[in-house]
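One structure is given here, and the rest of the page talks about it.
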Amino acid sequence: MKLVMTLVLAVCASQAAYAQDAKPAEASIRQLFEVMHSSGLLDAYLTQIDGTVRASMQQALAGQQLNTKQKKILEDMGREIGSLVKAELNWPAIEPVMIEVYRNTFSQHEVDGMLTFYRSEVGQAVIAKLPTAMQKSMTSIQGHVKTLTPKIAQLEKDTAAQLKAAAEPQSQGAQAPPQTPPPASPQQPQR
């Protein structure tokens, strides 16, 4: 009897473990994306990309005086970049990819846990505030990158000089091979 009971418990335990490791259903992932407002977050991200592209263009042209025709060309390019990004990075195009990523990354148990969390008041606050937190983080990180960039450039320059010096044959500390003396010139008779 004990053996039968042990087998029953082992089977139940393995089925529970399998249920936790099972791939999530597509429907539950779609629910998760809905609760997380994923399509709206993507739209906000696209708006941010558009602003970044425009700011980069202005920074690249800082100090240059453009005529009306040149300004129009750049504005057209900015609009075209925006259209290309929106055509490729829209929710209907991205959702199937994201579903596949989530199905291959999370278990049904984990998706259920995320659904519980993101449906809660705290989860909704995270969703609402996370884009702002990420934007502030990126701004702070960019400040560090600006400080880091000249240091990295100097390190690259120093390393290039070291590589060049190391490539020169027997550059420092090694003795040069003895040089053969120049051939003796025929001696002229002394007078």
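Quick note on naming: the chains in the structure tokens go A, B, ... in the order shown, residues restart at 1 in each chain, and ligands are numbered from 1 in order of appearance.
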Subject >> segment 135-148 of chain A surroundings by only C-alpha atoms, 12 Å radius, close-in-sequence under 3 positions cut, as a list in words >> reply: Ala44, Tyr45, Gln48, Ile49, Thr52, Lys129, Leu130, Pro131, Thr132, Lys151, Ile152, Ala153, Gln154 and Leu155 of chain A
Given the selection you just returned, output its residues as a file containing N, CA and C atoms, formatted as an mmCIF file, in the first residue's frame.
```cif
data_model
loop_
_atom_site.group_PDB
_atom_site.id
_atom_site.type_symbol
_atom_site.label_atom_id
_atom_site.label_comp_id
_atom_site.auth_asym_id
_atom_site.auth_seq_id
_atom_site.Cartn_x
_atom_site.Cartn_y
_atom_site.Cartn_z
ATOM 1 N N ALA A 44 4.461 54.968 -27.363
ATOM 2 C CA ALA A 44 5.240 55.983 -26.640
ATOM 3 C C ALA A 44 6.713 55.886 -27.006
ATOM 4 N N TYR A 45 7.208 54.668 -27.156
ATOM 5 C CA TYR A 45 8.597 54.453 -27.543
ATOM 6 C C TYR A 45 8.858 55.012 -28.945
ATOM 7 N N GLN A 48 9.195 58.646 -28.822
ATOM 8 C CA GLN A 48 10.507 58.982 -28.273
ATOM 9 C C GLN A 48 11.587 58.840 -29.348
ATOM 10 N N ILE A 49 11.507 57.791 -30.163
ATOM 11 C CA ILE A 49 12.476 57.593 -31.244
ATOM 12 C C ILE A 49 12.406 58.770 -32.210
ATOM 13 N N THR A 52 14.147 61.655 -30.736
ATOM 14 C CA THR A 52 15.590 61.427 -30.710
ATOM 15 C C THR A 52 16.197 61.657 -32.089
ATOM 16 N N LYS A 129 4.682 54.165 -14.499
ATOM 17 C CA LYS A 129 5.871 54.948 -14.143
ATOM 18 C C LYS A 129 7.165 54.436 -14.761
ATOM 19 N N LEU A 130 7.181 53.225 -15.244
ATOM 20 C CA LEU A 130 8.409 52.651 -15.770
ATOM 21 C C LEU A 130 8.984 53.423 -16.963
ATOM 22 N N PRO A 131 8.170 53.875 -17.915
ATOM 23 C CA PRO A 131 8.749 54.655 -19.019
ATOM 24 C C PRO A 131 9.466 55.919 -18.533
ATOM 25 N N THR A 132 8.897 56.611 -17.569
ATOM 26 C CA THR A 132 9.536 57.809 -17.023
ATOM 27 C C THR A 132 10.832 57.441 -16.314
ATOM 28 N N LYS A 151 37.875 59.580 -21.977
ATOM 29 C CA LYS A 151 38.790 58.654 -21.313
ATOM 30 C C LYS A 151 39.026 57.425 -22.190
ATOM 31 N N ILE A 152 37.963 56.925 -22.806
ATOM 32 C CA ILE A 152 38.092 55.768 -23.690
ATOM 33 C C ILE A 152 38.911 56.140 -24.917
ATOM 34 N N ALA A 153 38.674 57.329 -25.471
ATOM 35 C CA ALA A 153 39.436 57.782 -26.639
ATOM 36 C C ALA A 153 40.922 57.864 -26.308
ATOM 37 N N GLN A 154 41.266 58.372 -25.127
ATOM 38 C CA GLN A 154 42.676 58.458 -24.717
ATOM 39 C C GLN A 154 43.270 57.068 -24.543
ATOM 40 N N LEU A 155 42.503 56.160 -23.948
ATOM 41 C CA LEU A 155 42.969 54.784 -23.771
ATOM 42 C C LEU A 155 43.226 54.124 -25.124
#
```
Contacts of Tyr102 of chain A at 12 Å (only C-alpha atoms; same-chain gap of 5+ positions) as a PDB file with N, CA and C atoms, in the first residue's frame:
```pdb
ATOM      1  N   LYS A  23       4.825  25.551 -21.430  1.00  0.00           N
ATOM      2  CA  LYS A  23       4.806  26.804 -22.184  1.00  0.00           C
ATOM      3  C   LYS A  23       3.459  27.484 -21.977  1.00  0.00           C
ATOM      4  N   PRO A  24       3.484  28.801 -21.894  1.00  0.00           N
ATOM      5  CA  PRO A  24       2.223  29.503 -21.673  1.00  0.00           C
ATOM      6  C   PRO A  24       1.349  29.501 -22.923  1.00  0.00           C
ATOM      7  N   ALA A  25       0.068  29.568 -22.696  1.00  0.00           N
ATOM      8  CA  ALA A  25      -0.889  29.651 -23.803  1.00  0.00           C
ATOM      9  C   ALA A  25      -0.813  31.029 -24.434  1.00  0.00           C
ATOM     10  N   GLU A  26      -1.008  31.064 -25.720  1.00  0.00           N
ATOM     11  CA  GLU A  26      -0.971  32.345 -26.443  1.00  0.00           C
ATOM     12  C   GLU A  26      -2.002  33.319 -25.878  1.00  0.00           C
ATOM     13  N   ALA A  27      -3.169  32.795 -25.518  1.00  0.00           N
ATOM     14  CA  ALA A  27      -4.232  33.655 -24.982  1.00  0.00           C
ATOM     15  C   ALA A  27      -3.793  34.341 -23.686  1.00  0.00           C
ATOM     16  N   SER A  28      -3.071  33.613 -22.827  1.00  0.00           N
ATOM     17  CA  SER A  28      -2.640  34.230 -21.569  1.00  0.00           C
ATOM     18  C   SER A  28      -1.560  35.283 -21.820  1.00  0.00           C
ATOM     19  N   ILE A  29      -0.732  35.056 -22.815  1.00  0.00           N
ATOM     20  CA  ILE A  29       0.285  36.063 -23.151  1.00  0.00           C
ATOM     21  C   ILE A  29      -0.394  37.307 -23.715  1.00  0.00           C
ATOM     22  N   ARG A  30      -1.394  37.111 -24.551  1.00  0.00           N
ATOM     23  CA  ARG A  30      -2.134  38.269 -25.071  1.00  0.00           C
ATOM     24  C   ARG A  30      -2.798  39.047 -23.928  1.00  0.00           C
ATOM     25  N   LEU A  32      -1.676  39.218 -20.917  1.00  0.00           N
ATOM     26  CA  LEU A  32      -0.583  39.907 -20.244  1.00  0.00           C
ATOM     27  C   LEU A  32      -0.216  41.183 -20.995  1.00  0.00           C
ATOM     28  N   PHE A  33      -0.102  41.105 -22.308  1.00  0.00           N
ATOM     29  CA  PHE A  33       0.227  42.292 -23.098  1.00  0.00           C
ATOM     30  C   PHE A  33      -0.849  43.367 -22.960  1.00  0.00           C
ATOM     31  N   GLU A  95       3.704  42.142 -32.208  1.00  0.00           N
ATOM     32  CA  GLU A  95       3.031  41.226 -31.283  1.00  0.00           C
ATOM     33  C   GLU A  95       3.342  39.751 -31.536  1.00  0.00           C
ATOM     34  N   PRO A  96       3.287  39.250 -32.774  1.00  0.00           N
ATOM     35  CA  PRO A  96       3.592  37.820 -32.969  1.00  0.00           C
ATOM     36  C   PRO A  96       5.024  37.461 -32.527  1.00  0.00           C
ATOM     37  N   VAL A  97       5.945  38.355 -32.770  1.00  0.00           N
ATOM     38  CA  VAL A  97       7.331  38.122 -32.348  1.00  0.00           C
ATOM     39  C   VAL A  97       7.405  38.066 -30.827  1.00  0.00           C
ATOM     40  N   SER A 107       7.249  30.339 -18.353  1.00  0.00           N
ATOM     41  CA  SER A 107       6.318  29.212 -18.207  1.00  0.00           C
ATOM     42  C   SER A 107       4.910  29.778 -17.987  1.00  0.00           C
ATOM     43  N   GLN A 108       3.918  28.910 -18.076  1.00  0.00           N
ATOM     44  CA  GLN A 108       2.540  29.338 -17.818  1.00  0.00           C
ATOM     45  C   GLN A 108       2.421  29.842 -16.384  1.00  0.00           C
ATOM     46  N   GLU A 110       4.684  31.327 -14.603  1.00  0.00           N
ATOM     47  CA  GLU A 110       5.273  32.672 -14.516  1.00  0.00           C
ATOM     48  C   GLU A 110       4.371  33.723 -15.166  1.00  0.00           C
ATOM     49  N   VAL A 111       3.774  33.398 -16.289  1.00  0.00           N
ATOM     50  CA  VAL A 111       2.848  34.334 -16.944  1.00  0.00           C
ATOM     51  C   VAL A 111       1.653  34.591 -16.032  1.00  0.00           C
ATOM     52  N   MET A 114       2.742  36.993 -13.436  1.00  0.00           N
ATOM     53  CA  MET A 114       2.843  38.359 -13.965  1.00  0.00           C
ATOM     54  C   MET A 114       1.459  38.968 -14.158  1.00  0.00           C
TER      55      MET A 114
END
```
**OP:** Quote the spacing between atom CA of Gln31 of chain A and atom CA of Glu88 of chain A in Å to one decimal place.
**Re:** 23.1 Å
Subject >> Two-atom distance - atom CA of His109 of chain A, atom CA of Gly123 of chain A (Å) >> reply: 17.3 Å
Original post:
Quick one: distance from atom CA of Ile127 of chain A to atom CA of Met36 of chain A in Å, one decimal?
Top reply: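 It comes out at 6.3 Å.
The shortest atom-to-atom distance to Ala55 of chain A, with only C-alpha atoms taken into account, belongs to A:Gly78 out of A:Ala161, A:Gly78, A:Lys71, A:Ser120.
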Subject >> helix (DSSP H, G or I) call set, DSSP backbone run, segment 12-176 of chain A, as a PyMOL selection string >> reply: chain A and resi 12-21+26-35+38-60+68-88+91-105+108-119+121-167
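Closest approach to Arg79 of chain A among A:Val126, A:Ala93, A:Val35, A:Val53: A:Val53, based on only C-alpha atoms.
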